[in-house]
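Here is the file data.cif (mmCIF, C-alpha atoms).
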```cif
data_work
#
loop_
_atom_site.label_atom_id
_atom_site.label_comp_id
_atom_site.auth_asym_id
_atom_site.auth_seq_id
_atom_site.Cartn_x
_atom_site.Cartn_y
_atom_site.Cartn_z
CA MET A 15 170.19 172.23 121.86
CA ASN A 16 169.88 168.96 123.74
CA LYS A 17 169.60 165.56 122.12
CA ILE A 18 165.93 165.00 122.98
CA ILE A 19 164.85 168.23 121.27
CA MET A 20 167.03 167.42 118.25
CA GLY A 21 165.40 163.99 118.14
CA PHE A 22 161.88 165.19 117.67
CA PHE A 23 162.80 167.89 115.17
CA ASP A 24 164.33 165.10 113.11
CA LYS A 25 161.02 163.19 113.22
CA LEU A 26 158.90 166.22 112.24
CA PHE A 27 157.68 166.30 115.82
CA GLY A 28 158.40 169.98 116.31
CA LYS A 29 158.41 172.22 119.34
CA LYS A 30 154.78 173.26 118.82
CA GLU A 31 153.58 169.63 118.68
CA LYS A 32 155.59 168.81 121.79
CA GLU A 33 154.00 171.72 123.66
CA SER A 34 150.50 170.55 122.58
CA LEU A 35 151.33 167.04 123.78
CA ASP A 36 152.68 168.27 127.13
CA GLN A 37 149.56 170.39 127.69
CA GLY A 38 147.19 167.67 126.49
CA LEU A 39 148.59 165.10 128.91
CA GLN A 40 148.92 167.50 131.84
CA LYS A 41 145.95 166.14 133.82
CA THR A 42 147.06 162.52 133.46
CA LYS A 43 150.65 163.46 134.23
CA ASP A 44 149.79 165.50 137.34
CA SER A 45 147.60 162.74 138.71
CA PHE A 46 150.04 159.96 137.89
CA LEU A 47 153.25 161.69 138.99
CA SER A 48 151.72 162.76 142.31
CA LYS A 49 150.88 159.09 142.98
CA LEU A 50 154.33 158.01 141.79
CA THR A 51 155.96 160.52 144.15
CA LYS A 52 153.88 159.12 147.02
CA ALA A 53 154.84 155.58 145.97
CA VAL A 54 158.53 156.27 146.51
CA ALA A 55 158.26 158.73 149.42
CA GLY A 56 160.83 157.92 152.10
CA LYS A 57 162.15 154.93 150.13
CA SER A 58 165.63 154.57 148.71
CA THR A 59 165.16 151.22 146.95
CA VAL A 60 162.31 149.72 144.96
CA ASP A 61 160.69 147.21 147.31
CA GLU A 62 157.35 145.36 147.45
CA GLU A 63 155.55 148.38 148.92
CA VAL A 64 156.82 150.70 146.20
CA LEU A 65 155.64 148.24 143.54
CA ASP A 66 152.21 147.95 145.19
CA ASN A 67 151.87 151.74 145.20
CA LEU A 68 153.07 151.94 141.61
CA GLU A 69 150.48 149.34 140.61
CA GLU A 70 147.75 151.45 142.22
CA ALA A 71 148.99 154.58 140.40
CA LEU A 72 148.93 152.80 137.02
CA VAL A 73 145.43 151.38 137.53
CA SER A 74 144.06 154.79 138.58
CA ALA A 75 145.49 156.33 135.36
CA ASP A 76 143.35 153.75 133.52
CA VAL A 77 146.33 151.79 132.25
CA GLY A 78 144.10 148.75 132.88
CA VAL A 79 144.72 145.72 135.06
CA ASP A 80 146.22 143.46 132.36
CA THR A 81 148.71 146.06 131.13
CA THR A 82 149.55 147.13 134.69
CA VAL A 83 150.30 143.52 135.68
CA GLN A 84 152.62 143.22 132.66
CA LEU A 85 154.45 146.43 133.55
CA ILE A 86 154.85 145.50 137.23
CA ASP A 87 156.06 142.05 136.21
CA ARG A 88 158.71 143.57 133.93
CA ILE A 89 159.86 145.98 136.65
CA GLU A 90 159.95 143.19 139.26
CA LYS A 91 162.26 141.20 136.97
CA ARG A 92 164.59 144.17 136.69
CA VAL A 93 164.54 144.71 140.45
CA ALA A 94 165.42 141.03 140.95
CA ARG A 95 168.19 141.25 138.38
CA ASP A 96 169.71 144.55 139.59
CA LYS A 97 169.12 143.73 143.28
CA TYR A 98 169.07 147.18 144.93
CA LEU A 99 167.32 149.34 142.40
CA ASN A 100 167.32 153.01 143.37
CA THR A 101 163.89 154.72 143.50
CA SER A 102 165.35 157.63 141.52
CA GLU A 103 165.83 155.20 138.62
CA LEU A 104 162.21 154.03 138.75
CA ASN A 105 160.95 156.78 136.44
CA ARG A 106 163.56 155.95 133.75
CA ILE A 107 162.82 152.22 133.99
CA LEU A 108 159.08 152.84 133.85
CA GLN A 109 159.57 154.95 130.69
CA GLU A 110 161.59 152.17 129.07
CA GLU A 111 159.05 149.47 129.97
CA ILE A 112 156.04 151.54 128.83
CA ARG A 113 157.76 152.18 125.49
CA GLY A 114 158.38 148.45 125.30
CA ILE A 115 154.67 147.59 125.48
CA LEU A 116 153.51 150.20 122.95
CA VAL A 117 153.06 148.87 119.44
CA ASP A 118 154.71 150.51 116.44
CA ALA A 119 152.95 150.78 113.09
CA PRO A 120 154.46 148.37 110.57
CA GLU A 121 157.04 149.98 108.28
CA SER A 122 154.66 149.66 105.29
CA ASN A 123 151.95 151.63 107.09
CA SER A 124 154.00 154.20 108.94
CA TYR A 125 153.52 157.82 107.91
CA SER A 126 153.00 161.32 109.23
CA PHE A 127 151.04 164.18 107.65
CA GLN A 128 154.20 165.42 105.92
CA THR A 129 155.67 162.15 104.66
CA GLU A 130 154.84 160.51 101.38
CA LEU A 131 151.91 158.13 101.78
CA PRO A 132 152.32 154.42 101.03
CA SER A 133 149.71 154.56 98.18
CA LYS A 134 147.91 157.12 96.06
CA PRO A 135 145.11 157.67 96.65
CA TYR A 136 145.48 156.48 100.23
CA VAL A 137 142.04 155.32 101.41
CA VAL A 138 141.20 155.59 105.11
CA LEU A 139 137.97 154.07 106.42
CA VAL A 140 137.05 155.66 109.77
CA VAL A 141 135.00 153.64 112.28
CA GLY A 142 133.81 154.27 115.84
CA VAL A 143 130.63 154.86 117.82
CA ASN A 144 128.79 158.19 117.81
CA GLY A 145 130.05 160.74 120.30
CA VAL A 146 133.72 159.74 120.39
CA GLY A 147 134.81 162.63 118.16
CA LYS A 148 134.84 160.64 114.91
CA THR A 149 133.65 163.45 112.62
CA THR A 150 135.90 165.99 114.35
CA THR A 151 138.86 163.64 113.95
CA ILE A 152 138.11 163.28 110.22
CA GLY A 153 137.95 167.09 109.93
CA LYS A 154 141.27 167.47 111.74
CA LEU A 155 142.87 164.76 109.60
CA ALA A 156 141.69 166.55 106.46
CA TYR A 157 143.02 169.90 107.76
CA ASN A 158 146.44 168.50 108.71
CA PHE A 159 146.93 166.54 105.49
CA LYS A 160 145.92 169.58 103.44
CA LYS A 161 148.20 171.85 105.47
CA ALA A 162 151.05 169.43 104.67
CA GLY A 163 150.36 169.95 100.95
CA LYS A 164 148.23 166.89 100.20
CA SER A 165 144.92 166.87 98.31
CA VAL A 166 142.08 165.30 100.31
CA LEU A 167 138.55 164.08 99.56
CA LEU A 168 135.92 163.27 102.20
CA GLY A 169 133.15 160.68 101.88
CA ALA A 170 130.00 160.97 104.05
CA ALA A 171 129.02 157.29 104.31
CA ASP A 172 127.38 157.63 107.75
CA THR A 173 124.02 158.07 106.03
CA PHE A 174 121.82 156.82 108.90
CA ARG A 175 122.25 160.03 110.86
CA ALA A 176 121.45 163.38 109.25
CA ALA A 177 123.70 165.19 111.74
CA ALA A 178 126.72 163.12 110.64
CA VAL A 179 126.48 164.28 107.02
CA ASP A 180 125.81 167.88 108.13
CA GLN A 181 128.79 167.85 110.53
CA LEU A 182 131.13 166.46 107.89
CA THR A 183 129.87 169.07 105.41
CA ILE A 184 130.74 171.82 107.93
CA TRP A 185 134.25 170.37 108.29
CA SER A 186 134.53 170.18 104.49
CA GLU A 187 133.69 173.91 104.24
CA ARG A 188 135.93 174.84 107.18
CA THR A 189 138.96 173.05 105.76
CA GLY A 190 138.27 173.77 102.09
CA VAL A 191 138.30 170.05 101.32
CA PRO A 192 135.71 168.62 98.85
CA ILE A 193 133.11 166.09 100.02
CA VAL A 194 131.05 163.36 98.34
CA LYS A 195 127.63 162.86 99.93
CA GLN A 196 124.10 161.67 99.18
CA ASP A 197 120.74 162.03 100.89
CA MET A 198 120.19 160.67 104.37
CA GLY A 199 119.23 157.00 104.23
CA SER A 200 121.24 156.37 101.05
CA ASP A 201 123.27 153.18 100.81
CA PRO A 202 126.59 153.84 102.65
CA ALA A 203 128.45 151.52 100.26
CA ALA A 204 127.18 153.55 97.27
CA VAL A 205 128.57 156.74 98.86
CA ALA A 206 131.90 155.01 99.54
CA PHE A 207 132.05 153.79 95.92
CA ASP A 208 131.30 157.27 94.54
CA THR A 209 133.91 158.80 96.85
CA VAL A 210 136.70 156.46 95.77
CA GLN A 211 135.76 156.73 92.09
CA SER A 212 135.74 160.52 92.36
CA GLY A 213 139.05 160.51 94.27
CA VAL A 214 140.74 158.45 91.56
CA ALA A 215 139.32 160.72 88.83
CA ARG A 216 140.57 163.83 90.65
CA GLY A 217 143.96 162.30 91.43
CA VAL A 218 143.75 163.10 95.14
CA ASP A 219 146.34 161.94 97.68
CA VAL A 220 144.03 160.95 100.55
CA ILE A 221 140.42 159.72 100.69
CA ILE A 222 138.81 159.68 104.14
CA ILE A 223 135.45 157.90 104.46
CA ASP A 224 133.16 158.28 107.47
CA THR A 225 131.07 155.21 108.39
CA ALA A 226 128.02 154.57 110.55
CA GLY A 227 128.56 155.11 114.24
CA ARG A 228 125.63 153.03 115.40
CA LEU A 229 124.00 149.97 113.87
CA HIS A 230 121.47 147.57 115.32
CA ASN A 231 123.87 144.78 116.10
CA LYS A 232 127.36 143.40 115.46
CA ALA A 233 126.25 141.34 112.46
CA HIS A 234 124.73 144.43 110.82
CA LEU A 235 127.89 146.42 111.51
CA MET A 236 130.07 143.69 110.04
CA ASP A 237 127.85 143.38 106.94
CA GLU A 238 127.87 147.13 106.37
CA LEU A 239 131.64 147.51 106.73
CA GLY A 240 132.21 144.38 104.63
CA LYS A 241 130.01 145.80 101.87
CA ILE A 242 131.85 149.15 101.95
CA ARG A 243 135.18 147.32 101.74
CA ARG A 244 134.02 145.26 98.74
CA VAL A 245 132.74 148.21 96.70
CA VAL A 246 135.86 150.26 97.44
CA GLN A 247 137.97 147.32 96.18
CA LYS A 248 136.12 147.38 92.87
CA VAL A 249 137.89 150.68 92.21
CA ILE A 250 141.16 150.12 94.14
CA PRO A 251 141.74 146.39 94.79
CA GLU A 252 144.07 146.90 97.79
CA ALA A 253 141.86 149.52 99.51
CA PRO A 254 141.06 150.51 102.20
CA HIS A 255 144.70 151.00 103.15
CA GLU A 256 143.75 151.94 106.70
CA VAL A 257 140.79 151.15 108.94
CA LEU A 258 141.06 153.77 111.68
CA LEU A 259 139.10 153.22 114.89
CA VAL A 260 138.36 156.41 116.82
CA LEU A 261 138.03 156.07 120.61
CA ASP A 262 137.27 158.65 123.29
CA GLY A 263 140.18 158.53 125.75
CA SER A 264 138.20 160.33 128.45
CA THR A 265 135.88 157.32 128.82
CA GLY A 266 138.72 155.15 130.11
CA GLN A 267 137.75 151.49 130.33
CA ASN A 268 134.64 152.08 128.19
CA ALA A 269 137.00 152.88 125.30
CA LEU A 270 138.55 149.43 125.83
CA GLU A 271 135.10 147.85 125.48
CA GLN A 272 134.47 149.71 122.23
CA ALA A 273 137.86 148.60 120.92
CA ARG A 274 136.93 145.01 121.77
CA HIS A 275 133.61 145.36 119.91
CA PHE A 276 135.12 146.84 116.74
CA THR A 277 138.22 144.66 116.56
CA ALA A 278 135.95 141.60 116.80
CA THR A 279 133.85 142.71 113.83
CA THR A 280 136.26 144.45 111.49
CA ASP A 281 139.93 144.47 110.60
CA VAL A 282 141.07 147.59 112.46
CA THR A 283 144.62 148.59 111.45
CA ALA A 284 145.15 151.77 113.49
CA LEU A 285 143.70 153.78 116.37
CA ALA A 286 142.99 157.45 116.99
CA ILE A 287 142.41 158.29 120.66
CA THR A 288 140.65 161.61 121.26
CA LYS A 289 139.86 163.98 124.15
CA LEU A 290 143.00 163.20 126.15
CA ASP A 291 143.31 166.84 127.22
CA GLY A 292 140.19 166.74 129.41
CA THR A 293 141.03 163.65 131.41
CA ALA A 294 143.40 162.11 133.93
CA LYS A 295 142.79 158.74 132.22
CA GLY A 296 145.42 159.12 129.49
CA GLY A 297 146.91 155.79 130.57
CA VAL A 298 144.11 154.14 128.59
CA VAL A 299 146.28 154.74 125.48
CA LEU A 300 148.73 152.18 126.89
CA ALA A 301 145.97 149.70 127.77
CA ILE A 302 144.36 149.84 124.32
CA ALA A 303 147.60 149.66 122.31
CA ASN A 304 148.92 146.82 124.47
CA GLN A 305 145.76 144.70 124.64
CA PHE A 306 144.81 144.86 120.98
CA LYS A 307 148.33 145.00 119.52
CA ILE A 308 147.12 147.71 117.14
CA PRO A 309 149.24 150.85 116.69
CA VAL A 310 147.91 154.17 117.97
CA LYS A 311 148.34 156.43 114.93
CA PHE A 312 146.82 159.72 116.15
CA ILE A 313 145.93 161.33 119.47
CA GLY A 314 143.61 164.26 120.09
CA VAL A 315 144.93 166.67 122.73
CA GLY A 316 142.71 169.74 122.31
CA GLU A 317 140.00 171.60 120.43
CA LYS A 318 142.15 173.28 117.79
CA MET A 319 142.58 171.73 114.34
CA GLU A 320 146.32 171.38 115.02
CA ASP A 321 145.58 169.40 118.19
CA LEU A 322 145.41 166.05 116.43
CA LEU A 323 148.96 164.73 116.66
CA VAL A 324 150.70 161.85 114.95
CA PHE A 325 151.41 159.50 117.84
CA ASP A 326 155.06 159.07 118.77
CA LYS A 327 155.55 156.63 121.64
CA HIS A 328 158.88 158.15 122.75
CA GLU A 329 157.42 161.65 122.98
CA PHE A 330 154.20 160.38 124.58
CA VAL A 331 156.09 158.58 127.36
CA ASP A 332 158.43 161.54 127.79
CA SER A 333 155.48 163.95 128.19
CA LEU A 334 153.70 161.57 130.58
CA LEU A 335 156.64 160.94 132.90
CA LYS A 336 158.93 163.92 132.54
CA THR A 337 159.57 165.27 136.03
CA SER A 338 161.24 168.57 135.15
#
```
Rendering of file as structure tokens:
Amino acid sequence: MNKIIMGFFDKLFGKKEKESLDQGLQKTKDSFLSKLTKAVAGKSTVDEEVLDNLEEALVSADVGVDTTVQLIDRIEKRVARDKYLNTSELNRILQEEIRGILVDAPESNSYSFQTELPSKPYVVLVVGVNGVGKTTTIGKLAYNFKKAGKSVLLGAADTFRAAAVDQLTIWSERTGVPIVKQDMGSDPAAVAFDTVQSGVARGVDVIIIDTAGRLHNKAHLMDELGKIRRVVQKVIPEAPHEVLLVLDGSTGQNALEQARHFTATTDVTALAITKLDGTAKGGVVLAIANQFKIPVKFIGVGEKMEDLLVFDKHEFVDSLLKTS
């Protein structure tokens, strides 16, 4: 068994997860690698033309202009240092530099579904606009934590939209995970408070709270999330332990805009990027992680409940740029 495969078994990133990741990134990989192949066609060394073509390939994969410029700059420095850099080495160097710009979760906040969580109960506040797959992501999180042997409680604090509570209830039934909810139009902070209080009383491992996906303006959004945070802290002073922003990877640069909006109004600590399987714009993961310096914690690579993966930057880059 080769070293790479051993590596991800060690990190609980098993063969099945790796296959899901490979399949989920296939469209981005095909598009990007075909452009990369064209970039180096007929060239033996990495010259200005190769770098121009590489830049174009990165931008078209929605890596974003800022992140692309950083990557090209890093590669140019290596070309200057190593003088005649072989084009066959470009893929390896690109992998190294992409890994270099991806942000790791801090040690205190690093976990997978299987590992012990930093706190109990571990409170996750989930934010994001409607339509990005927020409720589905919460359902998949609940499923995967439960499958790993953890007890989970859901809180339906997106009370402005009847469909949100209904959808979360369906996920609660599907995963066999209890839910705390109130009538539509109830105070979201009251639901969050009840959820955390109930979670503490039940001794659950993970509490996942859904929040409003659309509010009238930024100030309203900030007030609402601030209020939820304050009431949750009445029960657990250091909660929420995670504010997870869900973004739709298939929207490319639009996801960057949403990240800008949310990071300006609330203290986002981690990202979940969904719908990567249906798009050639998977490079947006790099743009978002790099620009906002917030770790990507989960990625959605398919419809199945198992298709929400704990993000591993080494495996992500390997799946994106593996040529064999």
Checklist entry - Nearest to Glu252 in chain A: which of A:Glu63, A:Ile193, A:Leu235, A:Ser133 is it, counting all atoms listed in the file? => result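 So, comparing all the options, the nearest one is A:Ser133.
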Checklist entry - So what do you get for CA of Ile222 in chain A versus CA of Val141 in chain A, distance-wise? => result 10.8 Å
Checklist entry - Counting only C-alpha atoms, what is within 7 Å of Ser34 in chain A, bar same-chain residues fewer than 4 positions away, as number ranges by chain? => result A: 30, 38, 315, 321
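As for CA of Asn144 in chain A and CA of Asp224 in chain A, they are spaced 11.2 Å apart.
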Item to check | Test item: residues at most 8 Å from Ala75 in chain A, only C-alpha atoms, excluding those fewer than 4 positions along its chain, as a PyMOL selection string | outcome: chain A and resi 42+45-46+71+294-298
